[in-house]
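Peer 1: Hey, dropping coords-v6.txt in here, compact mmCIF, C-alpha atoms (C1' of nucleotides):
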# COMPACT_ATOMS: atom_id res chain seq x y z
CA MET A 1 -8.98 96.87 -30.51
CA ASN A 2 -6.24 94.94 -32.22
CA ASP A 3 -6.67 95.12 -35.92
CA ARG A 4 -4.32 92.50 -37.23
CA THR A 5 -5.19 92.97 -40.85
CA ASN A 6 -3.91 96.38 -41.73
CA PRO A 7 -0.33 96.40 -42.93
CA PRO A 8 0.05 99.89 -44.36
CA ILE A 9 -0.97 101.91 -41.35
CA VAL A 10 1.79 101.14 -38.91
CA SER A 11 4.93 101.18 -40.94
CA ALA A 12 8.36 102.69 -40.39
CA GLU A 13 7.81 103.99 -36.92
CA GLU A 14 9.86 102.27 -34.26
CA THR A 15 6.73 100.52 -32.98
CA ASP A 16 7.51 97.10 -34.34
CA ASP A 17 11.18 97.58 -35.04
CA THR A 18 12.17 94.96 -32.55
CA SER A 19 15.56 94.39 -34.06
CA ASN A 20 17.32 97.14 -32.14
CA LYS A 21 15.35 96.87 -28.94
CA THR A 22 17.45 95.79 -26.02
CA PHE A 23 14.46 94.48 -24.07
CA PHE A 24 10.69 94.23 -24.11
CA THR A 25 8.13 95.24 -21.58
CA ILE A 26 5.29 92.99 -20.68
CA GLY A 27 3.01 95.21 -22.71
CA ASP A 28 5.27 94.89 -25.75
CA LEU A 29 5.02 91.14 -25.75
CA ALA A 30 1.33 91.18 -24.96
CA ARG A 31 0.67 93.30 -28.03
CA GLU A 32 3.05 91.44 -30.27
CA PHE A 33 1.69 88.00 -29.49
CA ASP A 34 -1.84 88.99 -28.64
CA VAL A 35 -1.86 87.60 -25.16
CA THR A 36 -2.89 89.36 -21.96
CA LEU A 37 -0.55 90.63 -19.28
CA ARG A 38 -2.25 88.21 -16.98
CA ALA A 39 -1.29 85.32 -19.23
CA LEU A 40 2.35 86.37 -19.32
CA ARG A 41 2.48 86.63 -15.55
CA PHE A 42 0.76 83.30 -15.34
CA TYR A 43 3.39 81.69 -17.55
CA GLU A 44 6.05 83.18 -15.33
CA ASP A 45 4.31 81.77 -12.29
CA LYS A 46 4.37 78.38 -13.93
CA GLY A 47 8.08 78.67 -14.63
CA LEU A 48 7.80 79.10 -18.36
CA LEU A 49 9.30 82.57 -18.46
CA ASN A 50 11.84 84.32 -16.32
CA PRO A 51 12.20 87.98 -17.23
CA ARG A 52 14.80 90.12 -15.53
CA ARG A 53 13.56 92.49 -12.89
CA VAL A 54 14.43 96.14 -12.99
CA GLY A 55 12.94 97.41 -9.82
CA THR A 56 9.60 95.69 -9.85
CA ALA A 57 9.19 95.90 -13.60
CA ARG A 58 9.73 92.96 -15.91
CA HIS A 59 12.26 93.25 -18.68
CA TYR A 60 12.06 90.49 -21.26
CA SER A 61 15.19 89.72 -23.24
CA ARG A 62 15.14 88.49 -26.81
CA ARG A 63 15.72 85.06 -25.37
CA ASP A 64 12.65 85.40 -23.18
CA ARG A 65 10.75 86.41 -26.24
CA ALA A 66 11.91 83.33 -28.08
CA ARG A 67 10.79 81.18 -25.18
CA LEU A 68 7.40 82.79 -25.31
CA LYS A 69 7.20 81.93 -28.97
CA LEU A 70 7.91 78.32 -28.14
CA VAL A 71 5.29 78.35 -25.43
CA LEU A 72 2.64 79.64 -27.80
CA MET A 73 3.71 77.16 -30.45
CA GLY A 74 3.42 74.36 -27.95
CA LYS A 75 -0.02 75.48 -26.95
CA ARG A 76 -1.14 75.64 -30.54
CA VAL A 77 -0.23 72.03 -31.12
CA GLY A 78 -2.02 70.89 -28.02
CA PHE A 79 0.60 70.61 -25.31
CA THR A 80 -0.34 71.68 -21.82
CA LEU A 81 1.71 74.34 -20.09
CA GLY A 82 3.10 71.63 -17.85
CA GLU A 83 4.36 69.61 -20.76
CA ILE A 84 5.81 72.69 -22.36
CA ARG A 85 7.57 73.51 -19.17
CA GLU A 86 9.16 70.10 -18.95
CA MET A 87 10.53 70.42 -22.44
CA LEU A 88 11.80 73.92 -21.85
CA ASP A 89 13.48 72.77 -18.68
CA LEU A 90 15.34 70.19 -20.68
CA TYR A 91 16.66 72.89 -22.93
CA GLU A 92 17.88 74.79 -19.89
CA LEU A 93 19.64 71.72 -18.59
CA ARG A 94 21.74 70.96 -21.62
CA ASP A 95 21.22 73.30 -24.43
CA GLY A 96 20.89 71.66 -27.81
CA GLN A 97 22.04 68.32 -26.52
CA GLU A 98 21.23 65.07 -28.21
CA THR A 99 19.39 63.44 -25.32
CA GLN A 100 17.13 66.39 -24.87
CA LEU A 101 16.41 66.54 -28.56
CA ARG A 102 15.45 62.90 -28.58
CA VAL A 103 13.14 63.32 -25.61
CA SER A 104 11.35 66.20 -27.25
CA LEU A 105 11.18 64.36 -30.53
CA ASP A 106 9.44 61.50 -28.78
CA LYS A 107 6.97 63.86 -27.18
CA PHE A 108 6.26 65.44 -30.50
CA ARG A 109 5.55 62.10 -32.07
CA GLU A 110 3.32 61.07 -29.20
CA GLN A 111 1.43 64.29 -29.56
CA ILE A 112 1.01 63.65 -33.26
CA THR A 113 -0.71 60.36 -32.55
CA VAL A 114 -2.88 62.06 -29.95
CA LEU A 115 -3.89 64.64 -32.51
CA GLN A 116 -4.56 62.00 -35.10
CA ARG A 117 -6.84 60.24 -32.67
CA GLN A 118 -8.68 63.49 -31.98
CA LYS A 119 -9.00 64.08 -35.68
CA GLN A 120 -10.58 60.69 -36.15
CA ASP A 121 -13.04 61.34 -33.34
CA ILE A 122 -14.02 64.61 -34.93
CA GLU A 123 -14.42 63.02 -38.31
CA GLN A 124 -16.66 60.40 -36.79
CA ALA A 125 -18.71 63.08 -35.07
CA ILE A 126 -19.05 65.01 -38.32
CA SER A 127 -20.25 61.97 -40.15
CA ASP A 128 -22.70 61.11 -37.37
CA LEU A 129 -24.06 64.61 -37.33
CA THR A 130 -24.32 64.71 -41.09
CA ARG A 131 -26.26 61.50 -41.08
CA THR A 132 -28.55 62.88 -38.41
CA CYS A 133 -29.12 65.99 -40.47
CA ASP A 134 -30.10 63.87 -43.42
CA ILE A 135 -32.59 61.98 -41.31
CA VAL A 136 -34.13 65.13 -39.88
CA GLU A 137 -34.40 66.61 -43.34
CA GLY A 138 -36.19 63.51 -44.41
CA MET A 139 -38.65 63.88 -41.56
CA LEU A 140 -39.31 67.47 -42.50
CA LYS A 141 -39.94 66.54 -46.11
CA GLN A 142 -42.33 63.86 -45.07
CA GLN A 143 -44.20 66.24 -42.80
CA ALA A 144 -44.45 68.70 -45.65
CA ALA A 145 -45.79 65.99 -47.93
CA GLN A 146 -48.33 64.88 -45.37
CA ALA A 147 -49.57 68.43 -44.87
CA SER A 148 -50.43 68.78 -48.53
CA MET B 1 -24.01 39.76 -9.88
CA ASN B 2 -25.88 37.41 -12.16
CA ASP B 3 -27.17 34.33 -10.51
CA ARG B 4 -24.65 31.71 -9.55
CA THR B 5 -26.06 28.41 -8.43
CA ASN B 6 -29.35 29.53 -7.11
CA PRO B 7 -32.87 30.49 -7.96
CA PRO B 8 -34.03 30.17 -11.51
CA ILE B 9 -34.70 33.84 -11.95
CA VAL B 10 -35.65 33.79 -15.58
CA SER B 11 -33.21 32.17 -17.91
CA ALA B 12 -30.27 32.84 -20.11
CA GLU B 13 -31.12 36.20 -21.54
CA GLU B 14 -32.59 38.18 -18.73
CA THR B 15 -29.60 40.47 -18.56
CA ASP B 16 -30.04 42.42 -21.75
CA ASP B 17 -33.63 41.63 -22.47
CA THR B 18 -34.64 45.21 -21.96
CA SER B 19 -37.74 44.83 -24.06
CA ASN B 20 -39.86 43.47 -21.25
CA LYS B 21 -38.40 45.56 -18.50
CA THR B 22 -40.87 48.03 -17.16
CA PHE B 23 -38.18 50.34 -15.76
CA PHE B 24 -34.46 50.64 -15.18
CA THR B 25 -32.51 51.40 -12.07
CA ILE B 26 -29.71 53.90 -12.05
CA GLY B 27 -27.28 51.01 -11.97
CA ASP B 28 -28.88 49.43 -15.02
CA LEU B 29 -28.34 52.52 -17.10
CA ALA B 30 -24.88 53.10 -15.69
CA ARG B 31 -23.80 49.67 -16.81
CA GLU B 32 -25.55 49.75 -20.14
CA PHE B 33 -24.11 53.09 -21.20
CA ASP B 34 -20.90 52.95 -19.25
CA VAL B 35 -21.45 56.09 -17.25
CA THR B 36 -21.19 56.54 -13.49
CA LEU B 37 -24.10 56.92 -11.12
CA ARG B 38 -22.71 60.32 -10.33
CA ALA B 39 -22.99 61.32 -13.95
CA LEU B 40 -26.61 60.22 -14.16
CA ARG B 41 -27.49 62.17 -11.05
CA PHE B 42 -25.59 65.12 -12.44
CA TYR B 43 -27.60 65.01 -15.65
CA GLU B 44 -30.73 64.97 -13.58
CA ASP B 45 -29.50 67.97 -11.65
CA LYS B 46 -28.99 69.76 -14.92
CA GLY B 47 -32.50 68.93 -16.03
CA LEU B 48 -31.53 66.45 -18.70
CA LEU B 49 -33.25 63.49 -17.08
CA ASN B 50 -36.29 63.16 -14.89
CA PRO B 51 -36.73 59.63 -13.57
CA ARG B 52 -39.77 58.77 -11.51
CA ARG B 53 -39.24 58.37 -7.81
CA VAL B 54 -40.34 55.27 -6.00
CA GLY B 55 -39.60 56.10 -2.44
CA THR B 56 -36.21 57.70 -2.79
CA ALA B 57 -35.11 55.39 -5.55
CA ARG B 58 -34.96 56.44 -9.18
CA HIS B 59 -36.92 54.50 -11.74
CA TYR B 60 -36.03 55.28 -15.31
CA SER B 61 -38.64 54.63 -17.96
CA ARG B 62 -37.85 53.57 -21.49
CA ARG B 63 -38.39 57.16 -22.45
CA ASP B 64 -35.82 58.30 -19.89
CA ARG B 65 -33.46 55.79 -21.34
CA ALA B 66 -34.01 57.18 -24.82
CA ARG B 67 -33.29 60.66 -23.53
CA LEU B 68 -30.07 59.46 -22.01
CA LYS B 69 -29.09 58.02 -25.35
CA LEU B 70 -29.65 61.41 -26.93
CA VAL B 71 -27.62 63.09 -24.21
CA LEU B 72 -24.67 60.80 -24.81
CA MET B 73 -24.99 61.20 -28.55
CA GLY B 74 -24.98 64.95 -28.14
CA LYS B 75 -21.90 64.82 -25.99
CA ARG B 76 -20.10 62.66 -28.48
CA VAL B 77 -20.59 65.18 -31.24
CA GLY B 78 -19.38 68.04 -29.11
CA PHE B 79 -22.45 69.68 -27.65
CA THR B 80 -22.30 70.89 -24.08
CA LEU B 81 -24.85 69.62 -21.61
CA GLY B 82 -26.45 73.04 -21.68
CA GLU B 83 -26.95 72.93 -25.42
CA ILE B 84 -28.28 69.43 -25.21
CA ARG B 85 -30.72 70.50 -22.58
CA GLU B 86 -32.03 73.32 -24.72
CA MET B 87 -32.70 70.95 -27.56
CA LEU B 88 -34.34 68.38 -25.33
CA ASP B 89 -36.53 71.09 -23.86
CA LEU B 90 -37.75 71.89 -27.33
CA TYR B 91 -38.78 68.29 -27.75
CA GLU B 92 -40.75 68.51 -24.53
CA LEU B 93 -42.47 71.64 -25.68
CA ARG B 94 -43.85 70.29 -28.91
CA ASP B 95 -42.98 66.76 -29.59
CA GLY B 96 -41.82 66.06 -33.09
CA GLN B 97 -42.97 69.41 -34.33
CA GLU B 98 -41.60 71.05 -37.42
CA THR B 99 -40.32 74.22 -35.78
CA GLN B 100 -38.38 72.28 -33.21
CA LEU B 101 -36.93 70.03 -35.85
CA ARG B 102 -35.73 73.01 -37.82
CA VAL B 103 -34.12 74.58 -34.77
CA SER B 104 -32.24 71.42 -33.98
CA LEU B 105 -31.28 70.98 -37.59
CA ASP B 106 -29.73 74.43 -37.57
CA LYS B 107 -27.81 73.65 -34.42
CA PHE B 108 -26.55 70.45 -35.93
CA ARG B 109 -25.30 72.26 -38.99
CA GLU B 110 -23.64 74.92 -36.90
CA GLN B 111 -21.93 72.24 -34.89
CA ILE B 112 -20.74 70.60 -38.07
CA THR B 113 -18.97 73.77 -39.11
CA VAL B 114 -17.51 74.08 -35.62
CA LEU B 115 -16.19 70.57 -35.90
CA GLN B 116 -14.80 71.20 -39.35
CA ARG B 117 -12.94 74.19 -38.00
CA GLN B 118 -11.53 72.12 -35.19
CA LYS B 119 -10.50 69.49 -37.65
CA GLN B 120 -8.62 72.05 -39.68
CA ASP B 121 -6.86 73.35 -36.59
CA ILE B 122 -5.79 69.86 -35.70
CA GLU B 123 -4.59 69.16 -39.20
CA GLN B 124 -2.54 72.32 -39.10
CA ALA B 125 -1.09 71.32 -35.76
CA ILE B 126 -0.22 67.89 -37.07
CA SER B 127 1.54 69.33 -40.06
CA ASP B 128 3.42 71.83 -37.91
CA LEU B 129 4.50 69.14 -35.52
CA THR B 130 5.52 66.85 -38.34
CA ARG B 131 7.64 69.57 -39.85
CA THR B 132 9.23 70.20 -36.48
CA CYS B 133 10.00 66.52 -36.13
CA ASP B 134 11.71 66.55 -39.48
CA ILE B 135 13.82 69.48 -38.45
CA VAL B 136 14.82 67.91 -35.16
CA GLU B 137 15.68 64.69 -36.91
CA GLY B 138 17.88 66.67 -39.22
CA MET B 139 19.67 68.21 -36.28
CA LEU B 140 20.24 64.82 -34.73
CA LYS B 141 21.67 63.44 -37.94
CA GLN B 142 24.02 66.36 -38.25
CA GLN B 143 25.19 65.92 -34.68
CA ALA B 144 25.81 62.28 -35.37
CA ALA B 145 27.80 63.16 -38.47
CA GLN B 146 29.86 65.71 -36.60
CA ALA B 147 30.68 63.27 -33.85
CA SER B 148 32.29 60.86 -36.26
C1' DA C 1 0.50 119.12 -8.09
C1' DT C 2 -2.03 116.13 -10.53
C1' DG C 3 -3.77 113.33 -13.88
C1' DT C 4 -2.72 109.50 -17.05
C1' DG C 5 -0.86 105.26 -18.51
C1' DA C 6 1.80 101.36 -17.64
C1' DC C 7 2.86 98.32 -14.37
C1' DT C 8 2.84 95.73 -9.79
C1' DT C 9 1.11 92.00 -6.35
C1' DG C 10 -2.43 89.41 -4.27
C1' DA C 11 -6.52 86.83 -4.19
C1' DC C 12 -10.77 85.12 -5.42
C1' DG C 13 -13.83 83.75 -9.59
C1' DT C 14 -14.87 81.18 -13.92
C1' DT C 15 -15.94 77.20 -16.90
C1' DT C 16 -17.37 72.06 -17.62
C1' DA C 17 -18.38 67.67 -16.19
C1' DC C 18 -18.13 65.19 -13.15
C1' DG C 19 -14.84 62.55 -8.88
C1' DT C 20 -14.59 61.53 -4.25
C1' DC C 21 -15.67 61.07 0.09
C1' DA C 22 -19.01 60.61 4.22
C1' DA C 23 -22.78 58.87 6.38
C1' DC C 24 -26.88 56.82 5.90
C1' DC C 25 -31.03 53.55 4.40
C1' DA C 26 -33.29 49.23 2.45
C1' DT C 27 -33.17 44.52 0.80
C1' DT C 28 -31.80 40.19 0.58
C1' DC C 29 -28.88 36.08 1.08
C1' DC C 30 -27.23 32.60 4.33
C1' DG D 1 -28.17 38.94 12.69
C1' DG D 2 -24.78 40.25 9.95
C1' DA D 3 -22.57 40.87 5.58
C1' DA D 4 -23.18 42.07 0.88
C1' DT D 5 -25.43 44.77 -2.55
C1' DG D 6 -27.29 48.85 -4.33
C1' DG D 7 -29.15 52.87 -3.56
C1' DT D 8 -29.66 57.90 -1.27
C1' DT D 9 -28.28 63.05 -0.20
C1' DG D 10 -25.02 66.53 0.61
C1' DA D 11 -20.82 68.84 0.08
C1' DC D 12 -16.28 69.70 -1.08
C1' DG D 13 -12.49 68.76 -4.69
C1' DT D 14 -10.44 68.66 -9.42
C1' DA D 15 -8.42 70.00 -13.87
C1' DA D 16 -6.50 74.13 -17.15
C1' DA D 17 -5.69 78.48 -18.17
C1' DC D 18 -6.41 82.22 -17.29
C1' DG D 19 -10.27 86.52 -16.02
C1' DT D 20 -11.39 89.98 -12.97
C1' DC D 21 -11.27 92.84 -9.48
C1' DA D 22 -8.74 95.70 -5.70
C1' DA D 23 -5.35 98.60 -4.32
C1' DG D 24 -1.11 100.27 -4.77
C1' DT D 25 3.61 102.06 -7.20
C1' DC D 26 6.10 104.71 -10.61
C1' DA D 27 7.39 107.87 -14.27
C1' DC D 28 6.14 111.49 -16.90
C1' DA D 29 3.39 115.26 -19.13
C1' DT D 30 0.54 119.07 -18.07
Using structure tokens, write down the structure that the file contains.

Peer 2:
Amino acid sequence: MNDRTNPPIVSAEETDDTSNKTFFTIGDLAREFDVTLRALRFYEDKGLLNPRRVGTARHYSRRDRARLKLVLMGKRVGFTLGEIREMLDLYELRDGQETQLRVSLDKFREQITVLQRQKQDIEQAISDLTRTCDIVEGMLKQQAAQAS
Amino acid sequence: MNDRTNPPIVSAEETDDTSNKTFFTIGDLAREFDVTLRALRFYEDKGLLNPRRVGTARHYSRRDRARLKLVLMGKRVGFTLGEIREMLDLYELRDGQETQLRVSLDKFREQITVLQRQKQDIEQAISDLTRTCDIVEGMLKQQAAQAS
DNA sequence: ATGTGACTTGACGTTTACGTCAACCATTCC
DNA sequence: GGAATGGTTGACGTAAACGTCAAGTCACAT
């Protein structure tokens, strides 16, 4: 459906010319960031997004879009939606303020140590599995030798 | 739990002298492997374990205990209980047979590449987060400079 | 007028690996 | 005979992040 690896096809048409768009529909963002409509509504439910309503329809501002970017970034680095929400709420409270920056910075650093721990666990698992593979290979070789 | 001031049950090492135990209770295994009773019953439900029944009580043989070890190993390296079950079933089918060894070996190798992918993702996340930290630190320094 | 596409709000389902009661039984220690 | 210990079977609950209907609205092209 979504072929993300073909640059030349969609070019100058106003499809991805976001720069002069005054707002985005839910479908726009879904396509652009490759998330489902359901996910976007879910984020809204969780207080991560707050698009304007025009009738019943959602209109996402460029600011909403930026928030979504942050949400997806946060997810990618392992934060839960709850944690992301807390940090976003801080930004709402006092935009660009020192305290809020420090709080987020701390969270980032904590998350880095969490990730480092996970990385170590995975490395351990890889080495265990590799060792096991070696052993099993050895068994197979021995069976082959015995069969001869 | 151990004896206090009472009958001379055996002696100093009866606690972990598993070698002469004819069976294990659910509590024995729970303590030894640091899992809950609930977990052990759950594994049984999922067909991973099959302790003998003596009345209603579960008696785990040394073979059951070995299977549990494999289960926990499998979990540690990222297999789901379902995958672990499939592999254990193969062992039941033809114990120590070549075909089954090859199948497991393939699964192990697949899992290794899965883990390597996960490791890369985490490394990317760490580097992203680190970069973000640097940026935020920069912002804080600039704010501090401006305030002076 | 009608079909199509985009969108809406519920509301229940999914996955994985158990946790958390509740209520009960069987020994055994004192 | 009563508490402590260790076990039993249900059965519902939990977490996270959505998926998957169902049923309806709305604008617009045919």

Peer 1: If you measure from CA of Arg109 in chain A to CA of Arg63 in chain A, what distance in Å do you get, rounded to one decimal?

Peer 2: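 Distance reported for this atom pair: 26.0 Å.
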
Peer 1: Given identical sequences, can you show me chain B least-squares superposed on chain A via all its Cα atoms in order, as a JSON list (two decimals) with C-alpha atoms, keeping the file's coordinate frame?

Peer 2:
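Final file, superposed.json:
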[["chain", "number", "residue", "atom", "x", "y", "z"],
["B", 1, "MET", "CA", -1.08, 104.29, -30.46],
["B", 2, "ASN", "CA", 1.34, 104.89, -33.29],
["B", 3, "ASP", "CA", 2.37, 108.44, -33.74],
["B", 4, "ARG", "CA", -0.19, 110.80, -35.16],
["B", 5, "THR", "CA", 1.08, 114.21, -36.13],
["B", 6, "ASN", "CA", 3.95, 114.51, -33.78],
["B", 7, "PRO", "CA", 7.53, 113.61, -33.12],
["B", 8, "PRO", "CA", 9.45, 111.77, -35.76],
["B", 9, "ILE", "CA", 10.05, 108.72, -33.65],
["B", 10, "VAL", "CA", 11.77, 106.60, -36.22],
["B", 11, "SER", "CA", 9.97, 106.15, -39.47],
["B", 12, "ALA", "CA", 7.56, 103.95, -41.28],
["B", 13, "GLU", "CA", 8.56, 100.54, -40.07],
["B", 14, "GLU", "CA", 9.29, 100.91, -36.42],
["B", 15, "THR", "CA", 6.24, 98.93, -35.44],
["B", 16, "ASP", "CA", 7.28, 95.48, -36.52],
["B", 17, "ASP", "CA", 10.97, 96.02, -36.85],
["B", 18, "THR", "CA", 11.69, 93.67, -34.01],
["B", 19, "SER", "CA", 15.19, 92.98, -35.22],
["B", 20, "ASN", "CA", 16.70, 96.01, -33.55],
["B", 21, "LYS", "CA", 14.59, 95.95, -30.45],
["B", 22, "THR", "CA", 16.59, 95.13, -27.40],
["B", 23, "PHE", "CA", 13.57, 93.93, -25.42],
["B", 24, "PHE", "CA", 9.80, 93.66, -25.53],
["B", 25, "THR", "CA", 7.18, 94.81, -23.10],
["B", 26, "ILE", "CA", 4.34, 92.58, -22.06],
["B", 27, "GLY", "CA", 2.08, 94.62, -24.30],
["B", 28, "ASP", "CA", 4.38, 94.11, -27.27],
["B", 29, "LEU", "CA", 4.17, 90.36, -26.99],
["B", 30, "ALA", "CA", 0.47, 90.43, -26.25],
["B", 31, "ARG", "CA", -0.19, 92.27, -29.46],
["B", 32, "GLU", "CA", 2.24, 90.32, -31.57],
["B", 33, "PHE", "CA", 0.92, 86.92, -30.54],
["B", 34, "ASP", "CA", -2.63, 87.90, -29.80],
["B", 35, "VAL", "CA", -2.66, 86.77, -26.21],
["B", 36, "THR", "CA", -3.76, 88.74, -23.15],
["B", 37, "LEU", "CA", -1.46, 90.23, -20.56],
["B", 38, "ARG", "CA", -3.13, 87.94, -18.10],
["B", 39, "ALA", "CA", -2.11, 84.94, -20.13],
["B", 40, "LEU", "CA", 1.51, 86.04, -20.27],
["B", 41, "ARG", "CA", 1.61, 86.56, -16.53],
["B", 42, "PHE", "CA", -0.07, 83.21, -16.09],
["B", 43, "TYR", "CA", 2.60, 81.51, -18.17],
["B", 44, "GLU", "CA", 5.20, 83.16, -16.03],
["B", 45, "ASP", "CA", 3.45, 81.91, -12.93],
["B", 46, "LYS", "CA", 3.59, 78.43, -14.36],
["B", 47, "GLY", "CA", 7.29, 78.75, -15.02],
["B", 48, "LEU", "CA", 7.04, 78.91, -18.78],
["B", 49, "LEU", "CA", 8.49, 82.39, -19.10],
["B", 50, "ASN", "CA", 10.98, 84.33, -17.06],
["B", 51, "PRO", "CA", 11.27, 87.94, -18.21],
["B", 52, "ARG", "CA", 13.82, 90.21, -16.61],
["B", 53, "ARG", "CA", 12.51, 92.77, -14.18],
["B", 54, "VAL", "CA", 13.32, 96.42, -14.56],
["B", 55, "GLY", "CA", 11.78, 97.91, -11.51],
["B", 56, "THR", "CA", 8.49, 96.10, -11.43],
["B", 57, "ALA", "CA", 8.12, 96.05, -15.18],
["B", 58, "ARG", "CA", 8.72, 92.96, -17.27],
["B", 59, "HIS", "CA", 11.28, 93.08, -20.03],
["B", 60, "TYR", "CA", 11.16, 90.15, -22.40],
["B", 61, "SER", "CA", 14.31, 89.28, -24.28],
["B", 62, "ARG", "CA", 14.36, 87.82, -27.76],
["B", 63, "ARG", "CA", 14.94, 84.50, -26.11],
["B", 64, "ASP", "CA", 11.83, 84.94, -23.97],
["B", 65, "ARG", "CA", 9.95, 85.73, -27.11],
["B", 66, "ALA", "CA", 11.19, 82.54, -28.74],
["B", 67, "ARG", "CA", 10.06, 80.57, -25.72],
["B", 68, "LEU", "CA", 6.64, 82.11, -25.96],
["B", 69, "LYS", "CA", 6.48, 81.04, -29.57],
["B", 70, "LEU", "CA", 7.22, 77.49, -28.51],
["B", 71, "VAL", "CA", 4.58, 77.67, -25.81],
["B", 72, "LEU", "CA", 1.93, 78.75, -28.28],
["B", 73, "MET", "CA", 3.05, 76.15, -30.78],
["B", 74, "GLY", "CA", 2.79, 73.50, -28.11],
["B", 75, "LYS", "CA", -0.68, 74.61, -27.18],
["B", 76, "ARG", "CA", -1.80, 74.54, -30.76],
["B", 77, "VAL", "CA", -0.82, 70.92, -31.15],
["B", 78, "GLY", "CA", -2.59, 69.90, -27.99],
["B", 79, "PHE", "CA", 0.01, 69.87, -25.25],
["B", 80, "THR", "CA", -0.97, 71.14, -21.84],
["B", 81, "LEU", "CA", 1.03, 73.93, -20.28],
["B", 82, "GLY", "CA", 2.46, 71.40, -17.87],
["B", 83, "GLU", "CA", 3.77, 69.21, -20.65],
["B", 84, "ILE", "CA", 5.17, 72.20, -22.43],
["B", 85, "ARG", "CA", 6.92, 73.27, -19.30],
["B", 86, "GLU", "CA", 8.55, 69.89, -18.88],
["B", 87, "MET", "CA", 9.93, 70.02, -22.37],
["B", 88, "LEU", "CA", 11.15, 73.58, -21.99],
["B", 89, "ASP", "CA", 12.84, 72.63, -18.75],
["B", 90, "LEU", "CA", 14.76, 69.97, -20.61],
["B", 91, "TYR", "CA", 16.01, 72.61, -23.00],
["B", 92, "GLU", "CA", 17.21, 74.66, -20.05],
["B", 93, "LEU", "CA", 19.01, 71.70, -18.60],
["B", 94, "ARG", "CA", 21.12, 70.88, -21.61],
["B", 95, "ASP", "CA", 20.57, 73.10, -24.52],
["B", 96, "GLY", "CA", 20.24, 71.34, -27.81],
["B", 97, "GLN", "CA", 21.49, 68.09, -26.41],
["B", 98, "GLU", "CA", 20.76, 64.75, -27.96],
["B", 99, "THR", "CA", 19.01, 63.18, -24.99],
["B", 100, "GLN", "CA", 16.64, 66.08, -24.66],
["B", 101, "LEU", "CA", 15.91, 66.02, -28.35],
["B", 102, "ARG", "CA", 15.04, 62.36, -28.18],
["B", 103, "VAL", "CA", 12.73, 62.87, -25.22],
["B", 104, "SER", "CA", 10.86, 65.61, -26.99],
["B", 105, "LEU", "CA", 10.74, 63.60, -30.16],
["B", 106, "ASP", "CA", 9.08, 60.78, -28.28],
["B", 107, "LYS", "CA", 6.55, 63.14, -26.78],
["B", 108, "PHE", "CA", 5.79, 64.55, -30.18],
["B", 109, "ARG", "CA", 5.16, 61.11, -31.58],
["B", 110, "GLU", "CA", 2.97, 60.17, -28.66],
["B", 111, "GLN", "CA", 0.98, 63.32, -29.18],
["B", 112, "ILE", "CA", 0.59, 62.48, -32.84],
["B", 113, "THR", "CA", -1.05, 59.19, -31.97],
["B", 114, "VAL", "CA", -3.25, 60.97, -29.44],
["B", 115, "LEU", "CA", -4.32, 63.37, -32.12],
["B", 116, "GLN", "CA", -4.95, 60.59, -34.59],
["B", 117, "ARG", "CA", -7.19, 58.92, -32.05],
["B", 118, "GLN", "CA", -9.09, 62.12, -31.52],
["B", 119, "LYS", "CA", -9.44, 62.52, -35.23],
["B", 120, "GLN", "CA", -10.94, 59.07, -35.51],
["B", 121, "ASP", "CA", -13.39, 59.80, -32.72],
["B", 122, "ILE", "CA", -14.47, 62.95, -34.46],
["B", 123, "GLU", "CA", -14.85, 61.18, -37.77],
["B", 124, "GLN", "CA", -17.00, 58.58, -36.10],
["B", 125, "ALA", "CA", -19.11, 61.28, -34.51],
["B", 126, "ILE", "CA", -19.52, 63.03, -37.83],
["B", 127, "SER", "CA", -20.64, 59.87, -39.51],
["B", 128, "ASP", "CA", -23.05, 59.07, -36.69],
["B", 129, "LEU", "CA", -24.51, 62.53, -36.80],
["B", 130, "THR", "CA", -24.79, 62.44, -40.56],
["B", 131, "ARG", "CA", -26.64, 59.16, -40.40],
["B", 132, "THR", "CA", -28.96, 60.61, -37.78],
["B", 133, "CYS", "CA", -29.63, 63.60, -39.99],
["B", 134, "ASP", "CA", -30.56, 61.31, -42.82],
["B", 135, "ILE", "CA", -32.97, 59.45, -40.62],
["B", 136, "VAL", "CA", -34.60, 62.61, -39.33],
["B", 137, "GLU", "CA", -34.92, 63.93, -42.85],
["B", 138, "GLY", "CA", -36.64, 60.72, -43.77],
["B", 139, "MET", "CA", -39.09, 61.17, -40.94],
["B", 140, "LEU", "CA", -39.84, 64.70, -42.02],
["B", 141, "LYS", "CA", -40.48, 63.62, -45.59],
["B", 142, "GLN", "CA", -42.82, 60.91, -44.44],
["B", 143, "GLN", "CA", -44.73, 63.36, -42.27],
["B", 144, "ALA", "CA", -45.02, 65.68, -45.20],
["B", 145, "ALA", "CA", -46.32, 62.86, -47.36],
["B", 146, "GLN", "CA", -48.85, 61.83, -44.76],
["B", 147, "ALA", "CA", -50.15, 65.34, -44.39],
["B", 148, "SER", "CA", -51.08, 65.54, -48.04]]

Peer 1: What is the distance, in Å and to one decimal place, between CA of Leu70 in chain A and CA of Leu48 in chain A?

Peer 2: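 These atoms are spaced 9.8 Å apart.
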
Peer 1: Could you produce a table of the residues of chain D lying within 8 Å of chain B, with the nearest pair of atoms per residue and their separation in Å rounded to one decimal, using all atoms listed in the file, ordered by chain and increasing residue number, as a Markdown table?

Peer 2:
| residue | atom | partner | partner_atom | distance |
| --- | --- | --- | --- | --- |
| D:DG6 | C1' | B:Gly27 | CA | 7.9 |
| D:DG7 | C1' | B:Ala57 | CA | 6.8 |
| D:DT8 | C1' | B:Thr56 | CA | 6.7 |
